[in-house]
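**Q** my_file18.cif is reproduced below (mmCIF, C-alpha atoms and all ligand atoms).
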data_entry
#
loop_
_atom_site.label_atom_id
_atom_site.label_comp_id
_atom_site.auth_asym_id
_atom_site.auth_seq_id
_atom_site.Cartn_x
_atom_site.Cartn_y
_atom_site.Cartn_z
CA MET Z 1 94.65 69.39 -3.60
CA PRO Z 2 96.96 72.33 -4.57
CA THR Z 3 96.31 75.56 -2.72
CA HIS Z 4 97.60 77.75 -5.57
CA ILE Z 5 98.50 77.42 -9.25
CA THR Z 6 101.29 78.99 -11.22
CA ARG Z 7 100.67 81.72 -13.81
CA ARG Z 8 101.47 79.25 -16.61
CA GLN Z 9 98.99 76.73 -15.16
CA PHE Z 10 96.36 79.48 -14.82
CA ILE Z 11 96.72 80.56 -18.47
CA LYS Z 12 96.66 76.93 -19.65
CA SER Z 13 93.52 76.08 -17.64
CA GLY Z 14 91.84 79.29 -18.89
CA ALA Z 15 92.63 78.40 -22.49
CA LEU Z 16 91.28 74.88 -22.04
CA PHE Z 17 88.10 76.25 -20.45
CA CYS Z 18 87.56 78.68 -23.35
CA ALA Z 19 88.20 75.92 -25.88
CA ALA Z 20 85.68 73.67 -24.13
CA LEU Z 21 83.13 76.48 -24.02
CA MET Z 22 83.63 77.29 -27.69
CA SER Z 23 83.37 73.68 -28.79
CA THR Z 24 80.14 73.23 -26.77
CA LYS Z 25 78.72 76.38 -28.32
CA PHE Z 26 79.80 75.25 -31.77
CA LEU Z 27 78.22 71.84 -31.26
CA ASN Z 28 75.00 73.32 -29.94
CA ARG Z 29 74.78 75.61 -32.93
CA ALA Z 30 75.53 72.77 -35.34
CA LEU Z 31 72.81 70.62 -33.80
CA GLY Z 32 70.34 73.41 -33.40
CA GLU Z 33 70.20 72.99 -29.64
CA LYS Z 34 68.69 75.92 -27.84
CA SER Z 35 67.87 76.60 -24.26
CA PHE Z 36 64.35 75.77 -23.16
CA ALA Z 37 63.51 79.33 -22.18
CA ALA Z 38 64.83 80.76 -25.44
CA THR Z 39 62.66 78.72 -27.75
CA THR Z 40 59.57 76.99 -26.56
CA ALA Z 41 58.08 78.98 -23.76
CA PHE Z 42 54.53 79.99 -24.68
CA THR Z 43 54.98 80.00 -28.43
CA LYS Z 44 52.45 77.37 -29.49
CA GLU Z 45 48.94 77.32 -28.15
CA ALA Z 46 47.76 73.84 -27.23
CA LEU Z 47 44.87 72.10 -28.91
CA TYR Z 48 42.02 70.57 -26.92
CA TYR Z 49 41.50 72.65 -23.83
CA LYS Z 50 38.61 74.63 -22.31
CA LYS Z 51 38.73 77.99 -20.65
CA ILE Z 52 37.16 77.85 -17.19
CA ASP Z 53 37.72 81.44 -16.04
CA LYS Z 54 40.12 84.30 -16.73
CA ASN Z 55 43.20 82.45 -15.49
CA THR Z 56 42.07 78.82 -15.39
CA VAL Z 57 41.90 76.20 -18.14
CA MET Z 58 41.09 72.51 -18.39
CA CYS Z 59 43.17 70.36 -20.72
CA ILE Z 60 40.92 67.79 -22.41
CA LEU Z 61 43.61 65.97 -24.36
CA CYS Z 62 43.78 62.96 -22.04
CA PRO Z 63 41.53 61.46 -19.36
CA HIS Z 64 43.44 63.21 -16.57
CA GLN Z 65 41.73 66.46 -17.64
CA CYS Z 66 44.14 68.68 -15.67
CA ILE Z 67 42.69 71.91 -14.33
CA LEU Z 68 45.49 74.50 -14.44
CA LYS Z 69 45.89 78.07 -13.27
CA ASP Z 70 48.44 80.52 -14.64
CA GLY Z 71 51.88 79.31 -13.61
CA ASP Z 72 50.82 75.70 -12.92
CA ARG Z 73 52.66 72.95 -14.75
CA SER Z 74 50.58 70.03 -16.03
CA PHE Z 75 50.77 66.46 -14.74
CA CYS Z 76 52.57 65.50 -17.98
CA ARG Z 77 55.13 68.29 -17.29
CA VAL Z 78 55.00 69.88 -20.75
CA ARG Z 79 51.89 72.08 -20.71
CA GLU Z 80 51.32 75.36 -18.94
CA PRO Z 81 48.68 78.09 -19.07
CA LYS Z 82 49.42 81.77 -19.39
CA GLU Z 83 46.84 84.55 -19.29
CA GLY Z 84 44.02 82.07 -19.78
CA LYS Z 85 45.54 80.19 -22.72
CA LEU Z 86 47.12 76.73 -22.56
CA TYR Z 87 50.49 76.24 -24.25
CA THR Z 88 52.55 73.23 -25.22
CA LEU Z 89 56.15 73.78 -24.16
CA VAL Z 90 57.71 71.18 -26.45
CA TYR Z 91 56.45 72.08 -29.90
CA GLU Z 92 59.17 71.23 -32.47
CA PHE Z 93 61.56 70.68 -29.57
CA PRO Z 94 62.45 66.97 -29.33
CA CYS Z 95 65.01 65.53 -26.95
CA SER Z 96 65.47 62.27 -28.90
CA ILE Z 97 65.95 61.84 -32.64
CA HIS Z 98 67.11 58.48 -33.97
CA VAL Z 99 66.95 56.31 -37.06
CA ASP Z 100 65.56 52.91 -36.04
CA PRO Z 101 64.48 49.76 -37.82
CA ILE Z 102 60.67 49.70 -37.91
CA GLU Z 103 60.92 46.34 -36.10
CA LYS Z 104 62.20 48.19 -33.01
CA LYS Z 105 58.87 50.01 -32.49
CA PRO Z 106 57.79 47.11 -32.68
CA ILE Z 107 55.77 47.20 -35.90
CA TYR Z 108 56.07 43.85 -37.69
CA HIS Z 109 53.28 44.09 -40.27
CA MET Z 110 54.16 47.32 -42.06
CA LEU Z 111 57.07 47.80 -44.47
CA PRO Z 112 59.33 45.15 -42.87
CA GLY Z 113 63.02 45.93 -43.00
CA SER Z 114 62.46 49.67 -43.51
CA LYS Z 115 63.83 52.49 -41.38
CA SER Z 116 61.94 55.00 -39.31
CA ILE Z 117 62.91 58.45 -38.04
CA SER Z 118 61.98 58.24 -34.38
CA ILE Z 119 61.33 61.35 -32.32
CA ALA Z 120 60.30 62.16 -28.76
CA THR Z 121 60.08 65.09 -26.41
CA ALA Z 122 60.25 65.11 -22.63
CA GLY Z 123 57.12 64.29 -20.64
CA CYS Z 124 54.47 61.62 -20.14
CA ASN Z 125 50.92 61.44 -18.84
CA LEU Z 126 51.54 58.10 -17.08
CA ARG Z 127 53.80 57.03 -14.20
CA CYS Z 128 54.77 53.44 -15.06
CA LYS Z 129 57.07 52.05 -12.42
CA PHE Z 130 58.92 49.96 -15.04
CA CYS Z 131 59.46 52.74 -17.58
CA GLN Z 132 62.46 52.06 -19.84
CA ASN Z 133 62.77 55.70 -20.88
CA TRP Z 134 62.14 57.37 -17.54
CA GLN Z 135 65.11 59.73 -18.04
CA ILE Z 136 63.06 61.62 -20.62
CA SER Z 137 59.46 60.56 -19.97
CA GLN Z 138 59.54 61.49 -16.27
CA GLU Z 139 61.43 64.71 -16.80
CA TYR Z 140 60.65 68.38 -17.40
CA PRO Z 141 61.71 69.76 -20.79
CA GLU Z 142 63.92 72.25 -18.94
CA ASN Z 143 66.07 69.29 -17.86
CA THR Z 144 66.47 67.41 -21.13
CA THR Z 145 68.83 68.28 -23.98
CA ASN Z 146 66.55 69.44 -26.76
CA THR Z 147 67.09 70.23 -30.41
CA TYR Z 148 64.97 72.58 -32.45
CA LEU Z 149 63.51 70.46 -35.27
CA SER Z 150 60.54 71.78 -37.21
CA SER Z 151 58.02 69.45 -38.86
CA HIS Z 152 59.55 70.39 -42.22
CA ASP Z 153 63.00 69.45 -40.88
CA VAL Z 154 61.66 66.04 -39.81
CA ILE Z 155 60.45 65.38 -43.36
CA LYS Z 156 63.81 66.50 -44.78
CA LEU Z 157 65.61 64.21 -42.35
CA THR Z 158 63.36 61.32 -43.35
CA ARG Z 159 64.38 61.77 -46.99
CA LYS Z 160 68.06 62.29 -46.18
CA ARG Z 161 68.24 59.14 -44.04
CA HIS Z 162 66.17 57.01 -46.48
CA CYS Z 163 63.39 56.36 -43.99
CA ARG Z 164 59.89 55.41 -45.09
CA SER Z 165 58.17 56.38 -41.87
CA ILE Z 166 58.24 58.67 -38.85
CA ALA Z 167 57.69 57.13 -35.43
CA TYR Z 168 56.40 59.23 -32.54
CA THR Z 169 57.79 57.19 -29.70
CA TYR Z 170 60.11 56.66 -26.67
CA SER Z 171 58.27 58.90 -24.18
CA GLU Z 172 54.49 59.39 -24.71
CA PRO Z 173 53.64 61.16 -27.95
CA ILE Z 174 50.22 62.20 -26.63
CA VAL Z 175 51.94 64.90 -24.60
CA PHE Z 176 53.55 66.37 -27.74
CA TYR Z 177 50.29 66.01 -29.64
CA GLU Z 178 50.51 69.32 -31.57
CA TYR Z 179 54.01 68.56 -32.87
CA MET Z 180 53.04 64.98 -33.76
CA LEU Z 181 49.85 66.05 -35.53
CA ASP Z 182 51.47 68.80 -37.63
CA THR Z 183 54.39 66.56 -38.56
CA ALA Z 184 52.11 63.64 -39.39
CA LYS Z 185 49.96 65.84 -41.67
CA LEU Z 186 53.04 66.98 -43.52
CA ALA Z 187 54.38 63.43 -43.74
CA LYS Z 188 51.11 62.20 -45.21
CA ALA Z 189 51.31 64.89 -47.90
CA HIS Z 190 54.85 63.67 -48.70
CA ASN Z 191 53.88 60.00 -48.83
CA VAL Z 192 55.79 59.16 -45.64
CA LYS Z 193 54.06 56.79 -43.21
CA ASN Z 194 53.31 57.73 -39.59
CA ILE Z 195 53.70 55.40 -36.62
CA TRP Z 196 52.27 56.15 -33.20
CA VAL Z 197 53.92 54.20 -30.35
CA THR Z 198 51.77 54.88 -27.34
CA ALA Z 199 50.18 53.84 -24.09
CA GLY Z 200 46.92 55.07 -25.59
CA TYR Z 201 45.71 57.24 -22.71
CA ILE Z 202 43.95 59.91 -24.77
CA ASN Z 203 40.43 61.30 -25.09
CA PRO Z 204 38.26 60.23 -28.07
CA THR Z 205 38.04 63.59 -29.92
CA PRO Z 206 41.81 64.23 -30.21
CA LEU Z 207 42.25 60.54 -30.98
CA GLY Z 208 39.78 60.81 -33.86
CA GLU Z 209 41.73 63.69 -35.40
CA LEU Z 210 45.03 61.86 -34.98
CA CYS Z 211 43.70 58.66 -36.57
CA GLY Z 212 43.09 60.66 -39.77
CA VAL Z 213 46.85 60.91 -40.33
CA ILE Z 214 48.39 57.90 -38.56
CA ASP Z 215 49.06 54.73 -40.56
CA ALA Z 216 50.11 52.31 -37.82
CA ALA Z 217 50.05 52.23 -34.04
CA ASN Z 218 51.72 50.05 -31.48
CA ILE Z 219 49.59 50.42 -28.38
CA ASP Z 220 50.66 49.17 -24.97
CA LEU Z 221 48.03 47.05 -23.30
CA LYS Z 222 50.06 46.82 -20.14
CA GLY Z 223 47.67 44.53 -18.34
CA PHE Z 224 44.04 43.52 -18.33
CA ASP Z 225 43.24 44.61 -14.81
CA ASP Z 226 42.13 48.08 -13.76
CA LYS Z 227 43.73 47.86 -10.30
CA TYR Z 228 47.13 46.89 -11.75
CA LEU Z 229 46.98 49.68 -14.32
CA GLN Z 230 46.09 52.25 -11.67
CA GLU Z 231 48.71 51.16 -9.16
CA VAL Z 232 51.65 50.43 -11.45
CA CYS Z 233 51.03 52.75 -14.42
CA GLY Z 234 48.62 55.47 -13.32
CA GLU Z 235 45.98 54.80 -15.96
CA ARG Z 236 42.54 53.15 -16.22
CA LEU Z 237 41.60 50.13 -18.30
CA LYS Z 238 38.34 51.36 -19.85
CA PRO Z 239 39.69 54.48 -21.63
CA LEU Z 240 42.66 52.45 -22.86
CA LEU Z 241 40.45 49.74 -24.36
CA ASP Z 242 38.27 52.45 -25.94
CA THR Z 243 41.40 53.96 -27.55
CA ILE Z 244 42.53 50.62 -28.95
CA LYS Z 245 39.10 49.81 -30.41
CA MET Z 246 38.58 53.24 -31.88
CA THR Z 247 42.05 53.34 -33.44
CA ARG Z 248 41.35 50.03 -35.20
CA GLU Z 249 37.85 51.11 -36.25
CA LYS Z 250 39.28 54.27 -37.80
CA GLY Z 251 41.38 52.12 -40.12
CA VAL Z 252 44.79 52.46 -38.44
CA TRP Z 253 46.93 49.30 -38.50
CA VAL Z 254 47.18 48.27 -34.82
CA GLU Z 255 49.71 46.05 -33.08
CA ILE Z 256 49.57 45.42 -29.32
CA THR Z 257 52.44 45.16 -26.84
CA ASN Z 258 52.03 43.53 -23.46
CA LEU Z 259 54.94 43.78 -21.02
CA VAL Z 260 54.76 40.72 -18.81
CA VAL Z 261 55.86 41.69 -15.29
CA PRO Z 262 56.52 38.76 -12.95
CA THR Z 263 53.98 38.45 -10.11
CA LEU Z 264 52.14 41.63 -11.13
CA ASN Z 265 50.39 40.95 -14.45
CA ASP Z 266 51.48 37.43 -15.42
CA ASP Z 267 48.37 35.59 -14.25
CA PRO Z 268 47.44 33.14 -17.06
CA ASP Z 269 43.72 33.85 -16.61
CA MET Z 270 44.32 37.57 -17.04
CA ILE Z 271 46.38 36.92 -20.15
CA ARG Z 272 43.70 34.62 -21.56
CA LYS Z 273 40.99 37.27 -21.01
CA MET Z 274 43.17 39.90 -22.66
CA CYS Z 275 43.78 37.70 -25.71
CA ALA Z 276 40.08 36.89 -25.99
CA TRP Z 277 39.29 40.63 -25.89
CA ILE Z 278 41.84 41.31 -28.64
CA LYS Z 279 40.41 38.55 -30.83
CA GLU Z 280 36.82 39.67 -30.31
CA ASN Z 281 37.35 43.41 -30.68
CA LEU Z 282 40.30 43.75 -33.06
CA GLY Z 283 40.34 40.44 -34.90
CA ARG Z 284 42.57 37.39 -34.84
CA ASP Z 285 45.02 38.97 -37.32
CA THR Z 286 46.09 41.61 -34.77
CA PRO Z 287 49.78 41.11 -33.93
CA LEU Z 288 50.46 40.71 -30.22
CA HIS Z 289 53.97 41.25 -28.83
CA PHE Z 290 54.68 39.80 -25.39
CA SER Z 291 57.65 41.70 -24.08
CA ARG Z 292 60.11 40.59 -21.43
CA PHE Z 293 60.33 42.78 -18.32
CA TRP Z 294 63.78 43.79 -17.14
CA PRO Z 295 64.30 45.21 -13.60
CA MET Z 296 64.68 48.97 -13.78
CA TYR Z 297 63.50 52.36 -12.55
CA LYS Z 298 61.12 51.75 -9.63
CA LEU Z 299 60.79 47.99 -10.10
CA LYS Z 300 64.36 46.89 -9.55
CA ASN Z 301 63.19 44.46 -6.89
CA LEU Z 302 61.58 42.06 -9.37
CA PRO Z 303 63.42 39.48 -11.50
CA PRO Z 304 63.33 39.49 -15.31
CA THR Z 305 60.33 37.67 -16.76
CA PRO Z 306 61.13 33.94 -16.81
CA LEU Z 307 61.27 32.57 -20.34
CA ALA Z 308 58.73 29.89 -19.38
CA THR Z 309 56.20 32.61 -18.44
CA LEU Z 310 56.60 34.30 -21.81
CA LYS Z 311 56.33 31.03 -23.71
CA ASN Z 312 53.21 30.17 -21.76
CA ALA Z 313 51.68 33.58 -22.58
CA LYS Z 314 52.41 32.98 -26.28
CA LYS Z 315 50.78 29.54 -26.12
CA ILE Z 316 47.69 30.99 -24.41
CA ALA Z 317 47.35 33.64 -27.13
CA GLU Z 318 47.72 31.05 -29.90
CA ASP Z 319 45.22 28.71 -28.20
CA VAL Z 320 42.74 31.59 -28.01
CA GLY Z 321 43.17 31.90 -31.78
CA LEU Z 322 45.45 34.88 -32.44
CA ASN Z 323 47.41 34.41 -35.66
CA TYR Z 324 50.50 36.52 -35.03
CA VAL Z 325 52.03 36.26 -31.57
CA TYR Z 326 55.61 37.36 -30.91
CA MET Z 327 58.01 37.55 -27.99
CA GLY Z 328 60.23 40.63 -27.55
CA ASN Z 329 63.40 41.38 -25.55
CA VAL Z 330 64.46 37.72 -25.78
CA PRO Z 331 67.20 37.60 -28.41
CA GLU Z 332 68.16 34.10 -27.28
CA VAL Z 333 64.82 32.71 -28.51
CA GLN Z 334 63.58 32.64 -32.11
CA ALA Z 335 60.17 34.20 -31.54
CA SER Z 336 60.05 37.10 -33.94
CA ASP Z 337 59.38 35.32 -37.24
CA THR Z 338 56.05 35.81 -38.99
CA HIS Z 339 54.43 32.54 -40.00
CA CYS Z 340 51.66 32.04 -42.53
CA PRO Z 341 48.51 31.21 -40.54
CA HIS Z 342 47.43 28.84 -43.37
CA CYS Z 343 50.50 26.82 -44.49
CA LYS Z 344 52.59 27.67 -41.36
CA LYS Z 345 55.73 28.42 -43.40
CA VAL Z 346 58.06 31.25 -42.35
CA LEU Z 347 57.07 34.43 -44.17
CA ILE Z 348 59.37 36.94 -42.52
CA HIS Z 349 62.55 35.70 -40.87
CA ARG Z 350 63.93 38.21 -38.36
CA VAL Z 351 67.12 38.15 -36.36
CA GLY Z 352 67.06 40.86 -33.75
CA TYR Z 353 65.66 43.91 -35.51
CA PHE Z 354 66.85 42.74 -38.93
CA VAL Z 355 64.79 41.10 -41.65
CA LEU Z 356 66.75 38.33 -43.38
CA GLU Z 357 63.95 36.89 -45.49
CA ASN Z 358 60.57 38.15 -46.70
CA ASN Z 359 58.22 35.76 -48.48
CA ILE Z 360 55.22 38.07 -48.71
CA VAL Z 361 54.44 38.91 -52.33
CA ASN Z 362 51.58 41.26 -53.21
CA SER Z 363 50.38 41.02 -49.59
CA LYS Z 364 50.10 37.23 -49.89
CA CYS Z 365 52.03 34.21 -48.72
CA LYS Z 366 54.42 33.26 -51.52
CA PHE Z 367 53.84 29.55 -50.82
CA CYS Z 368 50.07 29.17 -50.53
CA GLY Z 369 48.59 32.52 -51.58
CA HIS Z 370 46.97 33.25 -48.22
CA LYS Z 371 46.38 37.00 -47.73
CA ILE Z 372 48.54 38.36 -44.90
CA ALA Z 373 47.15 41.24 -42.86
CA GLY Z 374 49.27 44.39 -42.78
CA ILE Z 375 50.62 47.23 -44.91
CA TRP Z 376 53.24 45.76 -47.19
CA ALA Z 377 53.82 48.41 -49.86
S1 LIG N 401 47.72 65.80 -21.68
FE1 LIG N 401 48.88 66.53 -19.89
S2 LIG N 401 47.89 68.48 -19.36
FE2 LIG N 401 46.49 67.42 -20.71
S3 LIG N 401 45.09 66.34 -19.33
FE3 LIG N 401 46.73 64.89 -19.88
S4 LIG N 401 48.25 65.09 -18.25
FE4 LIG N 401 46.91 66.87 -18.10
ZN ZN N 402 51.03 30.16 -46.65
#
Turn the structure described in the file into structure tokens.
**A**
Amino acid sequence: MPTHITRRQFIKSGALFCAALMSTKFLNRALGEKSFAATTAFTKEALYYKKIDKNTVMCILCPHQCILKDGDRSFCRVREPKEGKLYTLVYEFPCSIHVDPIEKKPIYHMLPGSKSISIATAGCNLRCKFCQNWQISQEYPENTTNTYLSSHDVIKLTRKRHCRSIAYTYSEPIVFYEYMLDTAKLAKAHNVKNIWVTAGYINPTPLGELCGVIDAANIDLKGFDDKYLQEVCGERLKPLLDTIKMTREKGVWVEITNLVVPTLNDDPDMIRKMCAWIKENLGRDTPLHFSRFWPMYKLKNLPPTPLATLKNAKKIAEDVGLNYVYMGNVPEVQASDTHCPHCKKVLIHRVGYFVLENNIVNSKCKFCGHKIAGIWA
């Protein structure tokens, strides 16, 4: 380690530092990145809260129903009251913006092969020990790199990048409800579809309003056991099932994802009960995606889901009578094709997230004319 540097070295290092600073500033400006404090703090009043007294509010957006005093930060990390009003701190301030294939959501029965602008902010109202996006979902917005992106900008971006939908995804869109709702309303007016990728832990009234503008939802049904959901995810089964049912009843296209975690929620009886519930309450045409667990975040001690476990889950679901059962996170297995429930031929052939063949014509199987559930145009 040198104890001193020459004048030439000093000038050179200073110049490099200034250049680095300028390029960072330039980049930030080009991307619209702004500091958390400069943009979002207390600018957008939250929806769905009650005033309890002068300095105390209760958020009624999700079943946690946080009671917050001035200066408290919410459980989901992105809401805070000030002078008796509750504010969202992430309005129009996403930390992730990507163009994804719709299959990545996963949504398999709406506009296959199309692209989706996918946005997320920091924060989450759950604490899943296996979270794949914990770097943003379990983080405060002060600690993520955010970009100012208004709802209008999202629509413009959708057009520019030839996307047919906007997906609210990655972290938990419930916690950026106001941003999602305003953007989804605008998207609807511009004939752009809205996709909600969620764990579904929301209260019925805000859910009802959201369902008025959402076209499709992929809802995580992470397990069919209240104890598991409480201990591993920090949610309860009953409100989740209520969300799933209500979303379907309101006319939103619903697909379900179940992450199969070895030893924790892979009991065949539990899976059978879950599939029976889906068939009875949502109908046999509801797509079910069994997803392979991969050790990460707080569950690094468990192995990946054995292929045999996933295959068995798929067989159980098909035996129960579900028509569209898929396996995810297993590129080595061909388990993402859509088959006609009547003639059994391949309707949509997928490799990874790509659609190589689509035999659905006018919402029907090209081979036998059977109507295929979904949104195809
Ligand atoms: S959305 Fe956030 S602030 Fe509101 S009740 Fe749920 S965890 Fe609490
Ligand atoms: Zn057919």
**Q** Would you pick out the contacts of Lys82 of chain Z at 8 Å or less, using only C-alpha atoms, so that residues sharing its chain but fewer than 6 positions from it are not included, and give the list as a VMD selection string?
**A** chain Z and resid 42 55 69 to 71
**Q** Hey, can you check how far atom CA of Arg127 of chain Z sits from atom CA of Cys59 of chain Z?
**A**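 Computing it gives 18.3 Å between the two atoms.
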**Q** Please return as a short mmCIF file (atom, residue, chain, number, x, y, z; two decimals) with C-alpha atoms, in the frame of the given file the residues found within 9 Å of ligand LIG 401 (chain N), counting all atoms listed in the file.
**A**
data_model
loop_
_atom_site.label_atom_id
_atom_site.label_comp_id
_atom_site.auth_asym_id
_atom_site.auth_seq_id
_atom_site.Cartn_x
_atom_site.Cartn_y
_atom_site.Cartn_z
CA TYR Z 48 42.02 70.57 -26.92
CA TYR Z 49 41.50 72.65 -23.83
CA MET Z 58 41.09 72.51 -18.39
CA CYS Z 59 43.17 70.36 -20.72
CA ILE Z 60 40.92 67.79 -22.41
CA LEU Z 61 43.61 65.97 -24.36
CA CYS Z 62 43.78 62.96 -22.04
CA PRO Z 63 41.53 61.46 -19.36
CA HIS Z 64 43.44 63.21 -16.57
CA GLN Z 65 41.73 66.46 -17.64
CA CYS Z 66 44.14 68.68 -15.67
CA ILE Z 67 42.69 71.91 -14.33
CA LEU Z 68 45.49 74.50 -14.44
CA ARG Z 73 52.66 72.95 -14.75
CA SER Z 74 50.58 70.03 -16.03
CA PHE Z 75 50.77 66.46 -14.74
CA CYS Z 76 52.57 65.50 -17.98
CA ARG Z 77 55.13 68.29 -17.29
CA VAL Z 78 55.00 69.88 -20.75
CA ARG Z 79 51.89 72.08 -20.71
CA GLU Z 80 51.32 75.36 -18.94
CA LEU Z 86 47.12 76.73 -22.56
CA THR Z 88 52.55 73.23 -25.22
CA GLY Z 123 57.12 64.29 -20.64
CA CYS Z 124 54.47 61.62 -20.14
CA ASN Z 125 50.92 61.44 -18.84
CA LEU Z 126 51.54 58.10 -17.08
CA ILE Z 174 50.22 62.20 -26.63
CA VAL Z 175 51.94 64.90 -24.60
CA PHE Z 176 53.55 66.37 -27.74
CA TYR Z 177 50.29 66.01 -29.64
CA TYR Z 201 45.71 57.24 -22.71
CA ILE Z 202 43.95 59.91 -24.77
CA ASN Z 203 40.43 61.30 -25.09
#
**Q** What is the atom CA of Lys311 of chain Z to atom CA of Gly283 of chain Z distance in Å?
**A**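 Value for the atom CA of Lys311 of chain Z-atom CA of Gly283 of chain Z distance: 21.7 Å.
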**Q** Enumerate residues in contact with ligand ZN 402 (chain N): an atom-to-atom distance of at most 10 Å, counting only C-alpha atoms and all ligand atoms. Format the result as a list in words.
**A**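 So the residues close to ligand ZN 402 (chain N) are His339, Cys340, Pro341, His342, Cys343, Lys344, Lys345, Val346, Leu347, Asn359, Ile360, Lys364, Cys365, Lys366, Phe367, Cys368, Gly369, His370, Lys371 and Ile372 of chain Z.
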**Q** Under the rule that only C-alpha atoms are counted, which of Z:Val320, Z:Val361, Z:Ile348, Z:Leu310 is the nearest residue to Val333 of chain Z?
**A**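 Ranked by minimum distance to Val333 of chain Z, first place goes to Z:Leu310.
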**Q** Ranking Z:Pro173, Z:Pro141, Z:Pro81, Z:Gly251 by minimum distance to Lys44 of chain Z and counting all atoms listed in the file, which one comes first?
**A**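 So, comparing all the options, the nearest one is Z:Pro81.
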**Q** Please report the interatomic distance between atom CA of Ser116 of chain Z and atom CA of Val252 of chain Z in Å with one decimal.
**A**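 Calculated distance between atom CA of Ser116 of chain Z and atom CA of Val252 of chain Z is 17.4 Å.
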**Q** What's around Ala120 of chain Z at 8 Å? Count only C-alpha atoms, leave out sequence neighbours fewer than 2 positions away in its own chain, and write the answer as a PyMOL selection string.
**A** chain Z and resi 94-97+118+122+168-173
**Q** Which is closest to Lys156 of chain Z among Z:Met246, Z:Leu186, Z:Leu181, Z:Met296, if we use only C-alpha atoms?
**A**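 Closest candidate: Z:Leu186.
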**Q** Which residues of segment 248-366 of chain Z sit at most 12 Å from segment 205-224 of chain Z, using only C-alpha atoms? Give each one's shortest atom pair and distance in Å (one decimal place), in chain and ascending residue order, as CSV.
**A**
residue,atom,partner,partner_atom,distance
Z:Arg248,CA,Z:Ala217,CA,9.0
Z:Glu249,CA,Z:Cys211,CA,9.6
Z:Lys250,CA,Z:Cys211,CA,6.3
Z:Gly251,CA,Z:Cys211,CA,7.8
Z:Val252,CA,Z:Asp215,CA,5.3
Z:Trp253,CA,Z:Ala216,CA,4.4
Z:Val254,CA,Z:Ala217,CA,5.0
Z:Glu255,CA,Z:Asn218,CA,4.8
Z:Ile256,CA,Z:Ile219,CA,5.1
Z:Thr257,CA,Z:Asp220,CA,4.8
Z:Asn258,CA,Z:Lys222,CA,5.1
Z:Leu259,CA,Z:Lys222,CA,5.8
Z:Val260,CA,Z:Lys222,CA,7.8
Z:Val261,CA,Z:Lys222,CA,9.1
Z:Pro262,CA,Z:Gly223,CA,11.9
Z:Leu264,CA,Z:Gly223,CA,9.0
Z:Asn265,CA,Z:Gly223,CA,5.9
Z:Asp266,CA,Z:Gly223,CA,8.6
Z:Asp267,CA,Z:Gly223,CA,9.9
Z:Pro268,CA,Z:Phe224,CA,11.0
Z:Asp269,CA,Z:Phe224,CA,9.8
Z:Met270,CA,Z:Phe224,CA,6.1
Z:Ile271,CA,Z:Phe224,CA,7.2
Z:Arg272,CA,Z:Phe224,CA,9.5
Z:Lys273,CA,Z:Phe224,CA,7.5
Z:Met274,CA,Z:Phe224,CA,5.7
Z:Cys275,CA,Z:Phe224,CA,9.4
Z:Ala276,CA,Z:Phe224,CA,10.9
Z:Trp277,CA,Z:Phe224,CA,9.4
Z:Ile278,CA,Z:Leu221,CA,10.0
Z:Thr286,CA,Z:Asn218,CA,10.7
Z:Pro287,CA,Z:Asn218,CA,9.5
Z:Leu288,CA,Z:Asn218,CA,9.5
Z:His289,CA,Z:Asp220,CA,9.4
Z:Phe290,CA,Z:Lys222,CA,9.9
Z:Ser291,CA,Z:Lys222,CA,10.0
Z:Arg292,CA,Z:Lys222,CA,11.9
Z:Phe293,CA,Z:Lys222,CA,11.2
**Q** Next, dump the selected residues to file, keeping only C-alpha atoms, as a short mmCIF file (atom, residue, chain, number, x, y, z; two decimals), in the coordinates of the input.
**A**
data_model
loop_
_atom_site.label_atom_id
_atom_site.label_comp_id
_atom_site.auth_asym_id
_atom_site.auth_seq_id
_atom_site.Cartn_x
_atom_site.Cartn_y
_atom_site.Cartn_z
CA ARG Z 248 41.35 50.03 -35.20
CA GLU Z 249 37.85 51.11 -36.25
CA LYS Z 250 39.28 54.27 -37.80
CA GLY Z 251 41.38 52.12 -40.12
CA VAL Z 252 44.79 52.46 -38.44
CA TRP Z 253 46.93 49.30 -38.50
CA VAL Z 254 47.18 48.27 -34.82
CA GLU Z 255 49.71 46.05 -33.08
CA ILE Z 256 49.57 45.42 -29.32
CA THR Z 257 52.44 45.16 -26.84
CA ASN Z 258 52.03 43.53 -23.46
CA LEU Z 259 54.94 43.78 -21.02
CA VAL Z 260 54.76 40.72 -18.81
CA VAL Z 261 55.86 41.69 -15.29
CA PRO Z 262 56.52 38.76 -12.95
CA LEU Z 264 52.14 41.63 -11.13
CA ASN Z 265 50.39 40.95 -14.45
CA ASP Z 266 51.48 37.43 -15.42
CA ASP Z 267 48.37 35.59 -14.25
CA PRO Z 268 47.44 33.14 -17.06
CA ASP Z 269 43.72 33.85 -16.61
CA MET Z 270 44.32 37.57 -17.04
CA ILE Z 271 46.38 36.92 -20.15
CA ARG Z 272 43.70 34.62 -21.56
CA LYS Z 273 40.99 37.27 -21.01
CA MET Z 274 43.17 39.90 -22.66
CA CYS Z 275 43.78 37.70 -25.71
CA ALA Z 276 40.08 36.89 -25.99
CA TRP Z 277 39.29 40.63 -25.89
CA ILE Z 278 41.84 41.31 -28.64
CA THR Z 286 46.09 41.61 -34.77
CA PRO Z 287 49.78 41.11 -33.93
CA LEU Z 288 50.46 40.71 -30.22
CA HIS Z 289 53.97 41.25 -28.83
CA PHE Z 290 54.68 39.80 -25.39
CA SER Z 291 57.65 41.70 -24.08
CA ARG Z 292 60.11 40.59 -21.43
CA PHE Z 293 60.33 42.78 -18.32
#
